[in-house]
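Participant: Below is the structure I would like to discuss, written out as structure tokens.
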Amino acid sequence: MLSIIQAGNTELFDDEAYYWVYSRYLDWGYFDHPPMIAALIRAGYAIFHNELGVRIFVLLLNTATIFFVQQLTYKKDDLLFYAVALSIGVAQIGGILAVPDIPLLFFIVLFFWLYQRFLQNRNVINALLLGICMACMLYSKYHGVLVIVLVLLSNLRLLTNKYLWLAGFICLLLFAPHLYWQYQHNFPSIQYHLLERNASNYRFAFTTEYILGQIAFAGPVIGWFLLWAAFRYRPVSDLERAMKYTLVGTYILFLISTYKGRVEANWTIAAFIPLMVLSHRYLVKNYRLQKWLYRSIPITLLLVLAVRLYIMSWFPPVSWIKRNEFHGNREWATEMKQKASSLPIVFINTYQRASKFWFYTGKPAFSMNSPYYRRNNFNMWPIEDSLISKTVYMIVPGNSNYFQQLFKPFGWPFPHDGVQHGFYSFSRVLFSNINCSLSPGRTLQLSTKVAVPENYRALFQQPAYSETPIWLVLYEDGDVKTFINTGIVVKKLTSNAMTLTVNIPSGLAAGEYNARLCIGTVIPGFPTINSTEFNLYVK
């Protein structure tokens, strides 16, 4: 009941609003995630047109998750089980949020429960159920594949069992629509998660933040103790070994991933079910250690209660918390709507604000993503199409010396919030399969495939848009270094493949750069991102 009250009286945080926009465009896939969260939000919002509707099915799955975890503990010492569950504060607070982690957790625990049944009786029915559950894990979040692989590694003898292969076939068959969607859209999720999120240089802080973050994520007071207990437990069955492999493998994999960049704390969510079950089983056998857990519960509950009360809209925000996603969204959205009057709003470089504005006003908004940001699903939805040539109200990033120095050589004035006539941008164009070679004379040859929506091809021949330039944008240490005009304009985008010849300025220092192809917009200096990053070596 407390979670229902909180879910209905807590404003959406950034990603929840973004996933709500997902649900307006139901599809087999999205730029960032598979579609399970979109389907759950769509179903809930059909019942309640508010925050509770966005979260209702997530709440139900979170409750079901606790039930199935309890089943996996063989109902030994329920008091201890609930002490373990209550110690993981983020599970209590995050359990109301409409994010992909919650359905993933549910299908992971269901997977382990079904795996236990499969081990006891390997038949067609259990193989079918296991295959369906694996597909649901993958439709929830891509981390599901990690669980499947680690469980298989824990028991390689299963590879000789025909029913395991049947389960795998069912999973692949059910997941095929998403794989086909990825193929149709040039595998955007793989490009983003595996290639575009890498940091330019390793920092030791990536590793230390990860370790400390995982301890806090496992429990704000006693997380270290639960991790220690789970790692200490020695498996005595195939199910327990599968959980131990999942626990250890998940933490090690993402520890290694810190070498490539910052790892978000919630990426290890797949380890939560093994963490709860294995720590419980260890403490059941080590009765004297349980006192440390029980003594920590009051402190954990007070901290959780304080956070629960704070994020609810009944309570005012605290001024010293600068990033606050849960307060003032309705007021801000209403203020933006009044500023824009009847005009549609275009936000630059913030899918979060565009999504929240849409949810709290019911008025669609667009996020135009420039080279200073990243691609997301606003690059794929047809929202942009309806705005071309229209008068819009634009919200631009704050002015700074960084932008001024970049824009000065081109004579571009820095824009400000306000009315923009004749809006245009072409973020749905995608350059892919980019190959580049640089001649000794600093002449760059770029060959690329080009995907252009059919309605854009006609626009590109109109005088108002035909001379829109295509830019080569270079990055250094993650920041935009410079813009290079390729000399190609959009009216030349008449085929599905092309070669660009670009002269690299003599003043550009030799070295390795990341690069993107971008297409100009109504605002000079803010082209759209129209390719994934690729490496460029300048001699």
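Letters A, B, ... go to the chains of the structure tokens in the order shown; residues in each chain start at 1; ligands are counted from 1 in the same order.
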Return as number ranges by chain the full set of residues in region 254-288 of chain A whose backbone-based DSSP assignment is alpha helix (DSSP H).
Facilitator: A: 254-257, 272-285
Participant: Keeping N, CA and C atoms, export the residues of the selection given above as a PDB file, in the first residue's frame.
Facilitator:
```
ATOM      1  N   PHE A 254      31.427  -6.390 -15.024  1.00  0.00           N
ATOM      2  CA  PHE A 254      31.292  -4.930 -15.002  1.00  0.00           C
ATOM      3  C   PHE A 254      32.484  -4.261 -14.326  1.00  0.00           C
ATOM      4  N   LEU A 255      33.193  -4.992 -13.473  1.00  0.00           N
ATOM      5  CA  LEU A 255      34.454  -4.454 -12.943  1.00  0.00           C
ATOM      6  C   LEU A 255      35.443  -4.273 -14.093  1.00  0.00           C
ATOM      7  N   ILE A 256      35.527  -5.267 -14.968  1.00  0.00           N
ATOM      8  CA  ILE A 256      36.393  -5.169 -16.142  1.00  0.00           C
ATOM      9  C   ILE A 256      35.926  -4.035 -17.053  1.00  0.00           C
ATOM     10  N   SER A 257      34.601  -3.833 -17.124  1.00  0.00           N
ATOM     11  CA  SER A 257      34.045  -2.799 -18.005  1.00  0.00           C
ATOM     12  C   SER A 257      34.438  -1.392 -17.578  1.00  0.00           C
ATOM     13  N   PHE A 272      21.186  -9.203  -8.250  1.00  0.00           N
ATOM     14  CA  PHE A 272      20.394  -8.991  -7.040  1.00  0.00           C
ATOM     15  C   PHE A 272      19.701 -10.260  -6.544  1.00  0.00           C
ATOM     16  N   ILE A 273      19.147 -11.051  -7.461  1.00  0.00           N
ATOM     17  CA  ILE A 273      18.442 -12.263  -7.028  1.00  0.00           C
ATOM     18  C   ILE A 273      19.422 -13.237  -6.376  1.00  0.00           C
ATOM     19  N   PRO A 274      20.558 -13.560  -7.017  1.00  0.00           N
ATOM     20  CA  PRO A 274      21.550 -14.414  -6.330  1.00  0.00           C
ATOM     21  C   PRO A 274      22.053 -13.799  -5.027  1.00  0.00           C
ATOM     22  N   LEU A 275      22.197 -12.495  -4.985  1.00  0.00           N
ATOM     23  CA  LEU A 275      22.663 -11.832  -3.764  1.00  0.00           C
ATOM     24  C   LEU A 275      21.705 -12.108  -2.603  1.00  0.00           C
ATOM     25  N   MET A 276      20.413 -11.969  -2.852  1.00  0.00           N
ATOM     26  CA  MET A 276      19.431 -12.181  -1.789  1.00  0.00           C
ATOM     27  C   MET A 276      19.370 -13.650  -1.373  1.00  0.00           C
ATOM     28  N   VAL A 277      19.299 -14.543  -2.351  1.00  0.00           N
ATOM     29  CA  VAL A 277      19.139 -15.966  -2.041  1.00  0.00           C
ATOM     30  C   VAL A 277      20.380 -16.530  -1.362  1.00  0.00           C
ATOM     31  N   LEU A 278      21.555 -16.259  -1.920  1.00  0.00           N
ATOM     32  CA  LEU A 278      22.781 -16.856  -1.387  1.00  0.00           C
ATOM     33  C   LEU A 278      23.179 -16.266  -0.039  1.00  0.00           C
ATOM     34  N   SER A 279      22.980 -14.964   0.154  1.00  0.00           N
ATOM     35  CA  SER A 279      23.294 -14.380   1.464  1.00  0.00           C
ATOM     36  C   SER A 279      22.344 -14.941   2.525  1.00  0.00           C
ATOM     37  N   HIS A 280      21.077 -15.146   2.139  1.00  0.00           N
ATOM     38  CA  HIS A 280      20.115 -15.740   3.068  1.00  0.00           C
ATOM     39  C   HIS A 280      20.548 -17.152   3.462  1.00  0.00           C
ATOM     40  N   ARG A 281      20.959 -17.948   2.482  1.00  0.00           N
ATOM     41  CA  ARG A 281      21.343 -19.336   2.774  1.00  0.00           C
ATOM     42  C   ARG A 281      22.604 -19.402   3.631  1.00  0.00           C
ATOM     43  N   TYR A 282      23.497 -18.454   3.423  1.00  0.00           N
ATOM     44  CA  TYR A 282      24.705 -18.432   4.251  1.00  0.00           C
ATOM     45  C   TYR A 282      24.359 -18.073   5.693  1.00  0.00           C
ATOM     46  N   LEU A 283      23.486 -17.083   5.862  1.00  0.00           N
ATOM     47  CA  LEU A 283      23.159 -16.631   7.218  1.00  0.00           C
ATOM     48  C   LEU A 283      22.278 -17.629   7.951  1.00  0.00           C
ATOM     49  N   VAL A 284      21.462 -18.411   7.223  1.00  0.00           N
ATOM     50  CA  VAL A 284      20.680 -19.468   7.856  1.00  0.00           C
ATOM     51  C   VAL A 284      21.608 -20.467   8.549  1.00  0.00           C
ATOM     52  N   LYS A 285      22.743 -20.742   7.920  1.00  0.00           N
ATOM     53  CA  LYS A 285      23.689 -21.716   8.464  1.00  0.00           C
ATOM     54  C   LYS A 285      24.656 -21.093   9.487  1.00  0.00           C
TER      55      LYS A 285
END
```
Participant: So that I can see what lies close to region 464-472 of chain A, please list as a ChimeraX atom specification the residues with an atom at most 10 Å from it, counting only C-alpha atoms and leaving out residues fewer than 2 positions away in the same chain.
Facilitator: /A:389,422,424-426,457-462,474,482-493,500,502,504,515-522,527-530
Participant: Could you please write out, as a PyMOL selection string, every residue of region 270-460 of chain A that DSSP assigns to strand (DSSP E or B)?
Facilitator: chain A and resi 345-348+365-368+392-395+418-420+430-438+443-451
Participant: Nearest residue to Gly525 (chain A) out of A:Val396, A:Ile190, A:Ile434, A:Leu227, using only C-alpha atoms?
Facilitator: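 Between A:Val396, A:Ile190, A:Ile434, A:Leu227, the residue approaching Gly525 (chain A) most closely is A:Val396.
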Participant: For Ala333 (chain A), find every residue with an atom within 7 Å (counting only C-alpha atoms), except residues of its own chain fewer than 6 positions away, and show them as JSON, numbers by chain.
Facilitator: {"A": [357, 360, 361]}
Participant: Could you save the residues just selected, with N, CA, C and O atoms, as a PDB file, in the first residue's frame?
Facilitator:
```pdb
ATOM      1  N   PHE A 357       8.007  17.378 -20.568  1.00  0.00           N
ATOM      2  CA  PHE A 357       7.074  18.390 -21.052  1.00  0.00           C
ATOM      3  C   PHE A 357       5.870  17.714 -21.699  1.00  0.00           C
ATOM      4  O   PHE A 357       4.720  18.103 -21.462  1.00  0.00           O
ATOM      5  N   TYR A 360       3.558  16.020 -18.942  1.00  0.00           N
ATOM      6  CA  TYR A 360       2.835  16.890 -18.017  1.00  0.00           C
ATOM      7  C   TYR A 360       1.963  17.942 -18.704  1.00  0.00           C
ATOM      8  O   TYR A 360       1.168  18.603 -18.034  1.00  0.00           O
ATOM      9  N   THR A 361       2.080  18.106 -20.001  1.00  0.00           N
ATOM     10  CA  THR A 361       1.204  19.038 -20.717  1.00  0.00           C
ATOM     11  C   THR A 361       0.314  18.336 -21.730  1.00  0.00           C
ATOM     12  O   THR A 361      -0.679  18.915 -22.172  1.00  0.00           O
TER      13      THR A 361
END
```
Participant: Could you list, as an mmCIF file with all heavy atoms, in the first residue's frame, every residue within 9 Å of Phe31 (chain A), counting only C-alpha atoms and ignoring same-chain residues fewer than 4 positions away?
Facilitator:
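Once written, part_28.cif looks like this:
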```
data_model
loop_
_atom_site.group_PDB
_atom_site.id
_atom_site.type_symbol
_atom_site.label_atom_id
_atom_site.label_comp_id
_atom_site.auth_asym_id
_atom_site.auth_seq_id
_atom_site.Cartn_x
_atom_site.Cartn_y
_atom_site.Cartn_z
ATOM 1 N N GLN A 182 16.243 -4.652 -35.014
ATOM 2 C CA GLN A 182 17.615 -4.157 -34.921
ATOM 3 C C GLN A 182 18.278 -4.156 -36.296
ATOM 4 O O GLN A 182 18.960 -3.191 -36.675
ATOM 5 C CB GLN A 182 18.432 -5.025 -33.948
ATOM 6 C CG GLN A 182 18.058 -4.865 -32.489
ATOM 7 C CD GLN A 182 18.567 -3.574 -31.882
ATOM 8 O OE1 GLN A 182 19.432 -2.905 -32.437
ATOM 9 N NE2 GLN A 182 18.022 -3.204 -30.732
ATOM 10 N N HIS A 185 17.140 -1.310 -38.500
ATOM 11 C CA HIS A 185 17.591 0.023 -38.058
ATOM 12 C C HIS A 185 19.100 0.089 -37.843
ATOM 13 O O HIS A 185 19.587 0.962 -37.127
ATOM 14 C CB HIS A 185 16.848 0.422 -36.785
ATOM 15 C CG HIS A 185 15.365 0.587 -36.972
ATOM 16 N ND1 HIS A 185 14.483 -0.472 -36.934
ATOM 17 C CD2 HIS A 185 14.630 1.694 -37.223
ATOM 18 C CE1 HIS A 185 13.256 -0.024 -37.135
ATOM 19 N NE2 HIS A 185 13.312 1.272 -37.310
ATOM 20 N N PHE A 187 21.172 -1.885 -36.198
ATOM 21 C CA PHE A 187 21.605 -2.290 -34.871
ATOM 22 C C PHE A 187 21.990 -1.095 -33.979
ATOM 23 O O PHE A 187 23.104 -1.014 -33.451
ATOM 24 C CB PHE A 187 22.779 -3.270 -34.970
ATOM 25 C CG PHE A 187 22.439 -4.528 -35.715
ATOM 26 C CD1 PHE A 187 22.767 -4.661 -37.065
ATOM 27 C CD2 PHE A 187 21.768 -5.566 -35.085
ATOM 28 C CE1 PHE A 187 22.432 -5.814 -37.765
ATOM 29 C CE2 PHE A 187 21.439 -6.715 -35.783
ATOM 30 C CZ PHE A 187 21.768 -6.848 -37.124
ATOM 31 N N PRO A 188 21.064 -0.165 -33.756
ATOM 32 C CA PRO A 188 21.405 1.037 -32.973
ATOM 33 C C PRO A 188 21.757 0.739 -31.519
ATOM 34 O O PRO A 188 22.623 1.397 -30.945
ATOM 35 C CB PRO A 188 20.131 1.886 -33.068
ATOM 36 C CG PRO A 188 19.035 0.901 -33.339
ATOM 37 C CD PRO A 188 19.660 -0.147 -34.197
ATOM 38 N N SER A 189 21.083 -0.245 -30.910
ATOM 39 C CA SER A 189 21.345 -0.537 -29.497
ATOM 40 C C SER A 189 22.752 -1.084 -29.303
ATOM 41 O O SER A 189 23.440 -0.738 -28.340
ATOM 42 C CB SER A 189 20.320 -1.539 -28.970
ATOM 43 O OG SER A 189 19.000 -1.045 -29.141
ATOM 44 N N TYR A 192 25.235 1.770 -29.743
ATOM 45 C CA TYR A 192 25.244 2.708 -28.613
ATOM 46 C C TYR A 192 25.873 2.094 -27.368
ATOM 47 O O TYR A 192 26.794 2.656 -26.773
ATOM 48 C CB TYR A 192 23.819 3.165 -28.309
ATOM 49 C CG TYR A 192 23.707 3.972 -27.044
ATOM 50 C CD1 TYR A 192 24.402 5.171 -26.891
ATOM 51 C CD2 TYR A 192 22.925 3.532 -25.975
ATOM 52 C CE1 TYR A 192 24.317 5.906 -25.723
ATOM 53 C CE2 TYR A 192 22.838 4.261 -24.807
ATOM 54 C CZ TYR A 192 23.529 5.441 -24.690
ATOM 55 O OH TYR A 192 23.455 6.163 -23.519
ATOM 56 N N ARG A 375 22.813 10.439 -29.729
ATOM 57 C CA ARG A 375 21.597 10.006 -30.385
ATOM 58 C C ARG A 375 20.699 9.274 -29.385
ATOM 59 O O ARG A 375 21.163 8.703 -28.411
ATOM 60 C CB ARG A 375 21.922 9.071 -31.554
ATOM 61 C CG ARG A 375 22.696 9.723 -32.677
ATOM 62 C CD ARG A 375 23.144 8.697 -33.706
ATOM 63 N NE ARG A 375 22.001 8.171 -34.447
ATOM 64 C CZ ARG A 375 21.805 6.892 -34.731
ATOM 65 N NH1 ARG A 375 22.676 5.970 -34.333
ATOM 66 N NH2 ARG A 375 20.741 6.500 -35.414
ATOM 67 N N ASN A 376 19.399 9.298 -29.629
ATOM 68 C CA ASN A 376 18.437 8.526 -28.849
ATOM 69 C C ASN A 376 17.203 8.300 -29.722
ATOM 70 O O ASN A 376 17.261 8.528 -30.936
ATOM 71 C CB ASN A 376 18.093 9.240 -27.524
ATOM 72 C CG ASN A 376 17.691 10.690 -27.741
ATOM 73 O OD1 ASN A 376 16.762 10.985 -28.493
ATOM 74 N ND2 ASN A 376 18.402 11.610 -27.089
ATOM 75 N N ASN A 377 16.117 7.878 -29.137
ATOM 76 C CA ASN A 377 14.978 7.494 -29.970
ATOM 77 C C ASN A 377 14.296 8.673 -30.657
ATOM 78 O O ASN A 377 13.514 8.489 -31.593
ATOM 79 C CB ASN A 377 13.957 6.697 -29.162
ATOM 80 C CG ASN A 377 13.554 5.429 -29.871
ATOM 81 O OD1 ASN A 377 14.153 4.381 -29.671
ATOM 82 N ND2 ASN A 377 12.574 5.503 -30.772
ATOM 83 N N PHE A 378 14.582 9.890 -30.231
ATOM 84 C CA PHE A 378 14.041 11.050 -30.939
ATOM 85 C C PHE A 378 14.652 11.164 -32.331
ATOM 86 O O PHE A 378 14.119 11.866 -33.182
ATOM 87 C CB PHE A 378 14.268 12.333 -30.132
ATOM 88 C CG PHE A 378 13.249 12.541 -29.044
ATOM 89 C CD1 PHE A 378 13.511 12.136 -27.745
ATOM 90 C CD2 PHE A 378 12.023 13.131 -29.324
ATOM 91 C CE1 PHE A 378 12.576 12.315 -26.738
ATOM 92 C CE2 PHE A 378 11.073 13.316 -28.320
ATOM 93 C CZ PHE A 378 11.352 12.901 -27.029
ATOM 94 N N ASN A 379 15.785 10.489 -32.568
ATOM 95 C CA ASN A 379 16.356 10.429 -33.910
ATOM 96 C C ASN A 379 15.582 9.472 -34.811
ATOM 97 O O ASN A 379 15.818 9.443 -36.017
ATOM 98 C CB ASN A 379 17.817 9.964 -33.859
ATOM 99 C CG ASN A 379 18.743 11.018 -33.301
ATOM 100 O OD1 ASN A 379 18.782 11.238 -32.101
ATOM 101 N ND2 ASN A 379 19.498 11.669 -34.167
ATOM 102 N N MET A 380 14.672 8.702 -34.242
ATOM 103 C CA MET A 380 13.986 7.672 -35.002
ATOM 104 C C MET A 380 12.487 7.912 -35.123
ATOM 105 O O MET A 380 11.865 7.516 -36.108
ATOM 106 C CB MET A 380 14.246 6.298 -34.353
ATOM 107 C CG MET A 380 15.733 5.991 -34.211
ATOM 108 S SD MET A 380 16.076 4.488 -33.280
ATOM 109 C CE MET A 380 15.640 3.271 -34.517
#
```
Participant: Could you check the closest approach to Gly223 (chain A) for each of A:Thr300, A:Thr494, A:Asn455, A:Asn324 and tell me which residue wins, using only C-alpha atoms?
Facilitator: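 Smallest distance to Gly223 (chain A) is found for A:Thr300.
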Participant: So which residues touch Gly261 (chain A) within 7 Å, counting only C-alpha atoms, skipping near sequence neighbours fewer than 2 positions away, as a ChimeraX atom specification?
Facilitator: /A:198-199,202,206,257-259,263
Participant: Let me see the file: selected residues, C-alpha atoms, as a PDB file, in the first residue's frame.
Facilitator:
```
ATOM      1  CA  ASN A 198      33.124   4.177 -24.098  1.00  0.00           C
ATOM      2  CA  ALA A 199      35.211   6.852 -22.434  1.00  0.00           C
ATOM      3  CA  TYR A 202      40.579   5.227 -18.517  1.00  0.00           C
ATOM      4  CA  PHE A 206      35.798   4.600 -12.796  1.00  0.00           C
ATOM      5  CA  SER A 257      34.045  -2.799 -18.005  1.00  0.00           C
ATOM      6  CA  THR A 258      35.274   0.119 -15.872  1.00  0.00           C
ATOM      7  CA  TYR A 259      38.378   0.011 -18.027  1.00  0.00           C
ATOM      8  CA  VAL A 263      29.642   1.856 -15.086  1.00  0.00           C
TER       9      VAL A 263
END
```
Participant: Might you pull out every residue within 8 Å of region 344-348 of chain A, with only C-alpha atoms counted and same-chain residues fewer than 5 positions away left off, and present them as a list in words?
Facilitator: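 Here the qualifying residues turn out to be Arg353, Ala354, Lys363, Pro364, Ala365, Phe366, Ser367, Met368, Asn369, Ser370, Leu387, Thr391, Val392, Tyr393, Met394, Ile395, Val396 and Pro397 of chain A.
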Participant: Record the distance separating CA of Tyr163 (chain A) and CA of Leu119 (chain A), expressed in Å with one decimal.
Facilitator: 10.7 Å
Participant: Quick one: residues within 10 Å of Glu240 (chain A), only C-alpha atoms counted, chain neighbours fewer than 4 positions away excluded, as an NGL selection string?
Facilitator: :A and (72 or 112 or 116 or 154 or 233-236 or 244-246 or 274 or 277-278 or 281)
Participant: Between A:Glu325, A:Ala39, A:Gln338, A:Tyr22, which has the minimum distance to Met312 (chain A) (counting only C-alpha atoms)?
Facilitator: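 Of all the options, A:Glu325 lies closest to Met312 (chain A).
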Participant: Mind giving me the straight-line distance from CA of Leu343 (chain A) to CA of Ala38 (chain A) in Å, one decimal?
Facilitator: 27.8 Å
Participant: May I ask for the distance between CA of Ser87 (chain A) and CA of Ile222 (chain A), given in Å to one decimal place?
Facilitator: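 So the two atoms, CA of Ser87 (chain A) and CA of Ile222 (chain A), lie 6.7 Å apart.
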